[in-house]
Amino acid sequence: QLVESGGGLVQAGGSLRLSCAASGRIFSSRSIGWLRQGPGKDREFVANIRWGAGTTYYSGAVKGRFTISRDTGKKTVYLLMDNLKPADTAVYYCAAGAQIGEYDLWGQGTQVTVSS
């Protein structure tokens, strides 16, 4: 089970940190991604981290502003979002899978709203 938290309302230019906590050994040898779905938009990839090696990958829309990281002791993945823009408004989902883009376990999502 994946449980996201940390969403909320923030002004443009502000920051938020999302958390994705896992129960059991869900993250072991897997890729963990953050994806988002804005109002009236398709779901899009945001960032991914390989649990074992810590290798990260970002979409062009967030590279340089967002940072994905993990705490292996707490079995938690984080998404630090800086310099937020209204276009970042979306429901953010945490997901896990064998490879980036092949996610088969999803959290319930957390709303992020950026006001202008």
# chains A, B, ... in the order shown; residues from 1 in each chain; ligands from 1

$ residues_around --residues "Tyr58 of chain A" --least-positions-apart "6" --cutoff "10 Å" --atoms "only C-alpha atoms" --output "list in words"
Gly33, Trp34, Phe45, Val46, Ala47, Asn48, Ile49, Gly64, Arg65, Phe66, Thr67 and Ile68 of chain A

$ write_last_selection --atoms "C-alpha atoms" --output "compact mmCIF listing (two decimals), in the first residue's frame"
# COMPACT_ATOMS: atom_id res chain seq x y z
CA GLY A 33 7.45 7.48 -9.61
CA TRP A 34 5.46 10.62 -9.08
CA PHE A 45 5.01 11.68 -15.61
CA VAL A 46 6.84 13.94 -13.16
CA ALA A 47 9.81 12.12 -11.66
CA ASN A 48 11.15 8.67 -10.85
CA ILE A 49 13.70 7.16 -8.50
CA GLY A 64 15.57 21.95 -11.97
CA ARG A 65 12.57 22.77 -9.76
CA PHE A 66 11.55 19.40 -8.30
CA THR A 67 13.73 16.90 -6.43
CA ILE A 68 12.84 13.27 -5.82

$ residues_around --residues "Asp104 of chain A" --least-positions-apart "6" --cutoff "12 Å" --atoms "only C-alpha atoms" --output "PyMOL selection string"
chain A and resi 1-2+26-27+30-33+94-98

$ closest_residue --among "A:Ser19, A:Thr113, A:Ser5, A:Glu102" --to "Val77 of chain A" --atoms "only C-alpha atoms"
A:Ser19

$ atom_distance --atom1 "atom CA of Gly38 of chain A" --atom2 "atom CA of Ala87 of chain A"
8.1 Å

$ select_by_dssp --residues "chain A" --states "strand (DSSP E or B)" --output "count of residues only"
63

$ residues_around --residues "Gln37 of chain A" --least-positions-apart "3" --cutoff "7 Å" --atoms "only C-alpha atoms" --output "MDAnalysis selection string"
chainID A and resid 41:44 90:92

$ atom_distance --atom1 "atom CA of Thr72 of chain A" --atom2 "atom CA of Ala53 of chain A"
11.1 Å

$ closest_residue --among "A:Lys75, A:Gly40, A:Gly7, A:Leu35" --to "Ser59 of chain A" --atoms "only C-alpha atoms"
A:Leu35

$ atom_distance --atom1 "atom CA of Leu105 of chain A" --atom2 "atom CA of Asn83 of chain A"
28.9 Å

$ residues_around --residues "Gly54 of chain A" --least-positions-apart "4" --cutoff "9 Å" --atoms "only C-alpha atoms" --output "VMD selection string"
chain A and resid 49 to 50 69 to 70
